[in-house]
$ cat run-v5.tsv   # TSV, C-alpha atoms
chain	number	residue	atom	x	y	z
S	1248	MET	CA	0.00	0.00	0.00
S	1249	ALA	CA	1.44	3.37	-1.00
S	1250	ALA	CA	1.97	5.84	1.78
S	1251	THR	CA	-0.05	9.03	1.51
S	1252	ASN	CA	2.61	10.88	3.52
S	1253	PRO	CA	6.22	10.12	2.55
S	1254	ASP	CA	7.52	11.37	5.91
S	1255	ARG	CA	8.86	8.46	7.97
S	1256	ALA	CA	7.44	9.95	11.13
S	1257	SER	CA	3.95	9.36	9.76
S	1258	TYR	CA	4.51	5.63	10.47
S	1259	PHE	CA	5.45	6.15	14.13
S	1260	PRO	CA	1.92	5.98	15.60
S	1261	ALA	CA	1.26	2.64	13.86
S	1262	ILE	CA	4.61	1.23	15.08
S	1263	GLU	CA	3.94	2.39	18.62
S	1264	LYS	CA	0.46	0.88	18.56
S	1265	LYS	CA	1.63	-2.45	17.13
S	1266	TYR	CA	4.59	-2.96	19.48
S	1267	GLY	CA	3.34	-1.05	22.52
S	1268	LEU	CA	6.51	0.98	22.90
S	1269	PRO	CA	7.28	4.62	22.11
S	1270	MET	CA	9.56	5.48	19.22
S	1271	ALA	CA	12.13	6.73	21.74
S	1272	TYR	CA	12.61	3.08	22.76
S	1273	TRP	CA	13.38	2.05	19.16
S	1274	HIS	CA	15.69	5.00	18.62
S	1275	GLU	CA	17.64	4.05	21.78
S	1276	ARG	CA	17.96	0.45	20.52
S	1277	MET	CA	19.30	1.70	17.17
S	1278	VAL	CA	21.94	3.80	18.96
S	1279	GLU	CA	22.96	0.73	21.01
S	1280	ILE	CA	23.55	-1.40	17.90
S	1281	ALA	CA	25.03	1.30	15.66
S	1282	GLY	CA	28.07	0.02	13.82
S	1283	GLN	CA	27.36	-3.67	14.39
S	1284	LYS	CA	27.60	-5.75	11.24
S	1285	TYR	CA	24.82	-8.21	12.14
S	1286	PRO	CA	22.97	-6.76	15.10
S	1287	ALA	CA	20.64	-8.87	17.19
S	1288	PRO	CA	16.96	-8.22	16.69
S	1289	VAL	CA	15.89	-4.96	18.29
S	1290	GLN	CA	12.47	-6.26	19.20
S	1291	PRO	CA	11.60	-6.43	22.88
S	1292	THR	CA	12.35	-9.68	24.65
S	1293	SER	CA	8.66	-10.03	25.51
S	1294	SER	CA	8.09	-11.20	21.92
S	1295	GLN	CA	10.36	-14.20	22.45
S	1296	ARG	CA	8.17	-17.21	23.05
S	1297	PHE	CA	10.83	-19.89	23.63
S	1298	ASP	CA	13.98	-19.99	25.71
S	1299	THR	CA	15.24	-23.48	24.86
S	1300	LEU	CA	15.22	-26.00	22.05
S	1301	ASP	CA	12.95	-28.26	24.11
S	1302	GLU	CA	10.43	-25.44	24.61
S	1303	TYR	CA	10.43	-24.75	20.87
S	1304	LEU	CA	9.99	-28.42	20.00
S	1305	ALA	CA	7.20	-29.03	22.55
S	1306	GLN	CA	4.63	-27.64	20.12
S	1307	PHE	CA	5.37	-30.33	17.49
S	1308	ASP	CA	4.70	-34.04	17.17
S	1309	GLU	CA	7.26	-36.68	18.13
S	1310	THR	CA	8.47	-37.21	14.54
S	1311	LYS	CA	9.35	-33.53	14.06
S	1312	ARG	CA	10.90	-33.29	17.54
S	1313	LYS	CA	13.10	-36.32	16.89
S	1314	THR	CA	14.25	-35.10	13.49
S	1315	VAL	CA	15.25	-31.65	14.73
S	1316	THR	CA	16.87	-33.07	17.87
S	1317	ASP	CA	18.87	-35.51	15.73
S	1318	VAL	CA	19.92	-32.71	13.33
S	1319	PHE	CA	21.25	-30.58	16.18
S	1320	ALA	CA	22.87	-33.56	17.91
S	1321	ALA	CA	24.65	-34.58	14.69
S	1322	ILE	CA	26.26	-31.16	14.46
S	1323	THR	CA	26.96	-30.47	18.14
S	1324	SER	CA	28.52	-33.91	18.70
S	1325	LYS	CA	31.19	-32.93	16.16
S	1326	PHE	CA	31.37	-29.26	17.20
S	1327	PRO	CA	30.72	-29.16	20.97
S	1328	LYS	CA	31.62	-25.47	21.26
S	1329	LEU	CA	28.48	-24.51	19.34
S	1330	GLU	CA	25.78	-23.04	21.53
S	1331	THR	CA	22.13	-23.87	20.96
S	1332	VAL	CA	20.09	-20.66	21.17
S	1333	ILE	CA	16.66	-19.41	20.21
S	1334	ALA	CA	16.77	-16.43	17.84
S	1335	TRP	CA	13.76	-15.07	16.00
S	1336	ASN	CA	11.85	-17.80	17.87
S	1337	GLN	CA	13.74	-20.49	15.95
S	1338	PRO	CA	16.49	-22.84	17.17
S	1339	MET	CA	19.98	-21.89	16.03
S	1340	LEU	CA	23.54	-23.00	16.58
S	1341	LYS	CA	25.93	-20.20	17.31
S	1342	LEU	CA	29.70	-19.86	17.61
S	1343	GLY	CA	30.52	-16.71	19.54
S	1344	THR	CA	28.41	-14.02	17.92
S	1345	GLN	CA	27.99	-15.79	14.58
S	1346	TYR	CA	25.13	-18.07	13.60
S	1347	ILE	CA	26.23	-21.37	12.10
S	1348	PHE	CA	23.03	-23.32	11.53
S	1349	GLY	CA	19.32	-22.99	12.11
S	1350	ALA	CA	16.05	-24.86	11.67
S	1351	THR	CA	12.41	-23.98	11.13
S	1352	VAL	CA	9.71	-26.60	11.60
S	1353	LEU	CA	6.71	-26.22	9.32
S	1354	LYS	CA	3.59	-28.29	8.76
S	1355	ASN	CA	4.90	-30.59	6.02
S	1356	HIS	CA	8.67	-30.13	6.13
S	1357	ILE	CA	11.62	-28.69	8.01
S	1358	LEU	CA	13.86	-25.95	6.66
S	1359	LEU	CA	17.55	-26.11	7.50
S	1360	ALA	CA	19.69	-22.99	7.20
S	1361	PRO	CA	23.49	-22.92	7.19
S	1362	TRP	CA	23.47	-19.11	7.40
S	1363	SER	CA	25.52	-18.81	4.23
S	1364	LYS	CA	24.49	-18.59	0.62
S	1365	ASP	CA	28.07	-19.52	-0.35
S	1366	VAL	CA	27.93	-22.73	1.68
S	1367	LEU	CA	24.65	-23.71	0.06
S	1368	GLU	CA	26.16	-23.09	-3.36
S	1369	ALA	CA	29.28	-25.10	-2.46
S	1370	PHE	CA	27.08	-28.04	-1.46
S	1371	ALA	CA	24.76	-27.79	-4.46
S	1372	GLU	CA	25.76	-31.21	-5.80
S	1373	ARG	CA	25.27	-32.95	-2.45
S	1374	LEU	CA	21.95	-31.15	-1.97
S	1375	SER	CA	20.65	-32.01	-5.44
S	1376	GLY	CA	18.02	-34.34	-3.98
S	1377	TYR	CA	16.57	-31.56	-1.82
S	1378	GLU	CA	14.60	-28.44	-2.58
S	1379	VAL	CA	17.12	-25.65	-2.08
S	1380	ASN	CA	16.03	-22.05	-1.60
S	1381	LYS	CA	18.18	-18.92	-1.37
S	1382	LYS	CA	19.27	-19.57	2.22
S	1383	THR	CA	17.71	-22.88	3.22
S	1384	PHE	CA	17.09	-26.42	2.12
S	1385	LYS	CA	14.00	-28.46	2.80
S	1386	ILE	CA	13.97	-31.88	4.45
S	1387	PRO	CA	11.02	-34.19	5.17
S	1388	VAL	CA	9.75	-34.22	8.75
S	1389	ASP	CA	10.79	-37.87	9.07
S	1390	TRP	CA	14.22	-37.41	7.46
S	1391	LYS	CA	16.86	-40.04	8.16
S	1392	VAL	CA	19.51	-37.58	9.34
S	1393	ASP	CA	22.56	-37.43	7.10
S	1394	LYS	CA	25.14	-36.70	9.80
S	1395	LYS	CA	28.06	-36.43	7.39
S	1396	LEU	CA	26.26	-33.87	5.23
S	1397	LEU	CA	25.26	-31.77	8.24
S	1398	ARG	CA	28.72	-31.89	9.80
S	1399	ASP	CA	30.35	-30.97	6.48
S	1400	ILE	CA	27.97	-28.04	6.02
S	1401	ALA	CA	28.63	-26.84	9.59
S	1402	ALA	CA	32.40	-27.18	9.07
S	1403	ALA	CA	32.19	-25.15	5.87
S	1404	ARG	CA	30.19	-22.43	7.61
S	1405	ILE	CA	32.64	-22.32	10.53
S	1406	SER	CA	35.60	-22.08	8.16
S	1407	GLU	CA	34.03	-18.96	6.60
S	1408	LEU	CA	34.32	-17.08	9.88
$ encode --input "run-v5.tsv" --output "structure tokens"
Amino acid sequence: MAATNPDRASYFPAIEKKYGLPMAYWHERMVEIAGQKYPAPVQPTSSQRFDTLDEYLAQFDETKRKTVTDVFAAITSKFPKLETVIAWNQPMLKLGTQYIFGATVLKNHILLAPWSKDVLEAFAERLSGYEVNKKTFKIPVDWKVDKKLLRDIAAARISEL
């Protein structure tokens, strides 16, 4: 929808209403993250629904829970320094401040994200049997976890850093 008023400030009332916080809050957050290459989300922590992988997975059936748990276990068993976190209400693996791998559980499939378009392109041949998007690849909810593939993708992402 085209804005009738091109002034950015004309959007402030709608933002304040939607998020329940004054624009001063958002301006302060922007100052805090100024200069960061990949800043964390500036949304309030009250929007975070999950604190752990188990909390995230509790909403899904056993098949989906097992698949995602096995995916994360395959990677973290090889790279124990990776931290499992919830970011954007999705489970992620993180090394320091950098995201290495993430997952999103959907109704009919699971999306896996190595957080690197270059890594996806480098693994194009090995991912030829999967639907690959710009930043993710799709696996069935009952996928027999390919540990070698996941560990190789994680290693490639880590080596980028």
$ atom_distance --input "run-v5.tsv" --atom1 "CA of Gln1345 in chain S" --atom2 "CA of Ile1357 in chain S"
21.9 Å
$ closest_residue --input "run-v5.tsv" --among "S:Ala1305, S:Ala1256, S:Leu1374, S:Ala1271" --to "Ile1400 in chain S" --atoms "all atoms listed in the file"
S:Leu1374
$ residues_around --input "run-v5.tsv" --residues "His1356 in chain S" --least-positions-apart "5" --cutoff "8 Å" --atoms "all atoms listed in the file" --output "ChimeraX atom specification"
/S:1385-1388
$ residues_near_point --input "run-v5.tsv" --point "(23.8, -15.1, 23.1)" --cutoff "10 Å" --atoms "all atoms listed in the file" --output "compact mmCIF listing (two decimals) with C-alpha atoms, keeping the file's coordinate frame"
# COMPACT_ATOMS: atom_id res chain seq x y z
CA ALA S 1287 20.64 -8.87 17.19
CA GLU S 1330 25.78 -23.04 21.53
CA THR S 1331 22.13 -23.87 20.96
CA VAL S 1332 20.09 -20.66 21.17
CA ILE S 1333 16.66 -19.41 20.21
CA ALA S 1334 16.77 -16.43 17.84
CA LYS S 1341 25.93 -20.20 17.31
CA LEU S 1342 29.70 -19.86 17.61
CA GLY S 1343 30.52 -16.71 19.54
CA THR S 1344 28.41 -14.02 17.92
CA GLN S 1345 27.99 -15.79 14.58
$ atom_distance --input "run-v5.tsv" --atom1 "CA of Val1392 in chain S" --atom2 "CA of Ile1405 in chain S"
20.2 Å
$ residues_around --input "run-v5.tsv" --residues "Val1315 in chain S" --least-positions-apart "5" --cutoff "12 Å" --atoms "all atoms listed in the file" --output "number ranges by chain"
S: 1300-1301, 1303-1305, 1307-1310, 1320-1322, 1337-1339, 1348-1353, 1356-1359, 1386-1392, 1397
